[in-house]
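Engineer: Structure: start_3.pdb, PDB, C-alpha atoms.
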ATOM      1  CA  MET J 736       0.000   0.000   0.000  1.00  0.00           C
ATOM      2  CA  LYS J 737       3.044   2.240  -0.047  1.00  0.00           C
ATOM      3  CA  ASN J 738       2.374   3.294  -3.614  1.00  0.00           C
ATOM      4  CA  PHE J 739      -1.365   3.737  -3.131  1.00  0.00           C
ATOM      5  CA  PRO J 740      -2.459   7.383  -3.605  1.00  0.00           C
ATOM      6  CA  ARG J 741      -3.196   9.281  -0.415  1.00  0.00           C
ATOM      7  CA  ILE J 742      -6.870   8.946   0.543  1.00  0.00           C
ATOM      8  CA  ASP J 743      -8.710  12.038   1.712  1.00  0.00           C
ATOM      9  CA  PRO J 744     -11.049  11.226   4.627  1.00  0.00           C
ATOM     10  CA  LYS J 745     -13.606  13.586   3.067  1.00  0.00           C
ATOM     11  CA  LEU J 746     -13.801  11.275   0.054  1.00  0.00           C
ATOM     12  CA  ILE J 747     -14.865   8.416   2.311  1.00  0.00           C
ATOM     13  CA  GLU J 748     -17.451  10.628   4.033  1.00  0.00           C
ATOM     14  CA  GLU J 749     -18.956  11.624   0.690  1.00  0.00           C
ATOM     15  CA  LEU J 750     -19.012   8.047  -0.593  1.00  0.00           C
ATOM     16  CA  GLU J 751     -20.796   6.938   2.577  1.00  0.00           C
ATOM     17  CA  LYS J 752     -23.453   9.598   1.948  1.00  0.00           C
ATOM     18  CA  MET J 753     -23.802   8.604  -1.700  1.00  0.00           C
ATOM     19  CA  TYR J 754     -23.941   4.859  -1.034  1.00  0.00           C
ATOM     20  CA  PRO J 755     -25.590   4.186   2.336  1.00  0.00           C
ATOM     21  CA  PRO J 756     -26.416   0.605   3.306  1.00  0.00           C
ATOM     22  CA  ILE J 757     -29.582  -0.509   1.547  1.00  0.00           C
ATOM     23  CA  GLN J 758     -32.787  -0.752   3.534  1.00  0.00           C
ATOM     24  CA  PHE J 759     -35.306  -3.529   3.048  1.00  0.00           C
ATOM     25  CA  ASP J 760     -38.387  -2.433   1.126  1.00  0.00           C
ATOM     26  CA  PRO J 761     -41.258  -4.942   1.112  1.00  0.00           C
ATOM     27  CA  ASP J 762     -42.712  -3.228  -1.972  1.00  0.00           C
ATOM     28  CA  VAL J 763     -39.676  -4.097  -4.112  1.00  0.00           C
ATOM     29  CA  PRO J 764     -39.865  -7.501  -5.822  1.00  0.00           C
ATOM     30  CA  THR J 765     -37.450 -10.044  -4.346  1.00  0.00           C
ATOM     31  CA  GLU J 766     -35.386 -10.489  -7.514  1.00  0.00           C
ATOM     32  CA  GLN J 767     -34.929  -6.734  -7.906  1.00  0.00           C
ATOM     33  CA  PHE J 768     -34.073  -6.345  -4.219  1.00  0.00           C
ATOM     34  CA  ILE J 769     -31.403  -9.051  -4.472  1.00  0.00           C
ATOM     35  CA  LYS J 770     -29.800  -7.216  -7.407  1.00  0.00           C
ATOM     36  CA  MET J 771     -29.890  -3.942  -5.473  1.00  0.00           C
ATOM     37  CA  LEU J 772     -28.436  -5.656  -2.414  1.00  0.00           C
ATOM     38  CA  ALA J 773     -25.581  -7.197  -4.411  1.00  0.00           C
ATOM     39  CA  GLN J 774     -24.701  -3.858  -5.986  1.00  0.00           C
ATOM     40  CA  ASN J 775     -24.837  -2.098  -2.629  1.00  0.00           C
ATOM     41  CA  ALA J 776     -22.647  -4.754  -1.025  1.00  0.00           C
ATOM     42  CA  GLY J 777     -19.982  -4.000  -3.626  1.00  0.00           C
ATOM     43  CA  GLN J 778     -20.198  -0.277  -2.954  1.00  0.00           C
ATOM     44  CA  VAL J 779     -19.937  -0.764   0.800  1.00  0.00           C
ATOM     45  CA  SER J 780     -17.039  -3.184   0.303  1.00  0.00           C
ATOM     46  CA  VAL J 781     -15.064  -0.569  -1.639  1.00  0.00           C
ATOM     47  CA  ILE J 782     -15.732   2.046   1.045  1.00  0.00           C
ATOM     48  CA  ASP J 783     -14.603  -0.376   3.755  1.00  0.00           C
ATOM     49  CA  LYS J 784     -11.390  -1.103   1.829  1.00  0.00           C
ATOM     50  CA  LEU J 785     -10.687   2.610   1.458  1.00  0.00           C
ATOM     51  CA  LYS J 786     -11.158   2.986   5.230  1.00  0.00           C
ATOM     52  CA  GLN J 787      -8.620   0.197   5.824  1.00  0.00           C
ATOM     53  CA  ILE J 788      -6.109   1.843   3.509  1.00  0.00           C
ATOM     54  CA  LEU J 789      -6.662   5.243   5.128  1.00  0.00           C
ATOM     55  CA  LYS J 790      -6.100   3.746   8.579  1.00  0.00           C
ATOM     56  CA  ALA J 791      -2.849   2.146   7.395  1.00  0.00           C
ATOM     57  CA  GLN J 792      -1.766   5.422   5.810  1.00  0.00           C
ATOM     58  CA  ASP J 793      -2.502   7.309   9.028  1.00  0.00           C
ATOM     59  CA  LYS J 794      -0.305   4.884  10.984  1.00  0.00           C
ATOM     60  CA  THR J 795       2.617   5.189   8.569  1.00  0.00           C
ATOM     61  CA  ARG J 796       2.350   8.861   7.677  1.00  0.00           C
ATOM     62  CA  GLY J 797       0.939  10.432  10.809  1.00  0.00           C
ATOM     63  CA  GLY J 798      -2.461  11.545   9.544  1.00  0.00           C
ATOM     64  CA  PHE J 799      -3.727  13.603   6.627  1.00  0.00           C
TER      65      PHE J 799
END
Would you mind giving the structure from this file in structure tokens?
Structural biologist:
Amino acid sequence: MKNFPRIDPKLIEELEKMYPPIQFDPDVPTEQFIKMLAQNAGQVSVIDKLKQILKAQDKTRGGF
């Protein structure tokens, strides 16, 4: 992760606002909800990975 570009914590904040965890909606058909859930899981996974990288960067570089 040494060569990974510096991550701005504000980027993570904005991504979390743009892609919040999906909420169950009983009015959405099951098949459509599963597709939405899968897509959202990918978004959340990327955000979580960026948080991990930021934490590692903060430890090695002393913060932003």
Engineer: Between J:Pro740, J:Pro756, J:Pro761, J:Lys786, single out the one closest to Ala773 (chain J), counting all atoms listed in the file.
Structural biologist: J:Pro756
Engineer: Nearest to Ser780 (chain J) among J:Asp760, J:Asp793, J:Asp743, J:Glu751, with distances taken over only C-alpha atoms: which residue is it?
Structural biologist: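 Closest to Ser780 (chain J) of all the choices is J:Glu751.
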Engineer: List as a VMD selection string the protein and nucleic acid residues near Ile782 (chain J), meaning an atom at most 10 Å away when all atoms listed in the file are counted, but skip any in the same chain fewer than 4 places from it.
Structural biologist: chain J and resid 746 to 748 750 to 751 754 776 to 778 786 to 788
Engineer: How many Å lie between CA of Gln774 (chain J) and CA of Leu789 (chain J), rounded to one decimal?
Structural biologist: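 Value for the CA of Gln774 (chain J)-CA of Leu789 (chain J) distance: 23.1 Å.
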Engineer: With only C-alpha atoms as the atoms that count, which of J:Val763, J:Leu785, J:Leu772, J:Ala791 lies nearest to Ile742 (chain J)?
Structural biologist: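 Residue with the minimum atom-to-atom distance to Ile742 (chain J): J:Leu785.
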Engineer: Would you work out the distance separating CA of Phe739 (chain J) from CA of Gln792 (chain J), expressed in Å to one decimal?
Structural biologist: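 Computing it gives 9.1 Å between the two atoms.
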Engineer: Can you tell me, as lines of an AutoDock Vina configuration file, the centre and edge lengths (Å, one decimal) of the axis-aligned box enclosing all of region 783-789 of chain J's listed atoms after padding each side by 6 Å?
Structural biologist:
center_x = -10.4
center_y = 2.1
center_z = 3.6
size_x = 20.5
size_y = 18.3
size_z = 16.4
Engineer: Record the distance separating CA of Arg796 (chain J) and CA of Val781 (chain J), expressed in Å with one decimal.
Structural biologist: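 Calculated distance between CA of Arg796 (chain J) and CA of Val781 (chain J) is 21.9 Å.
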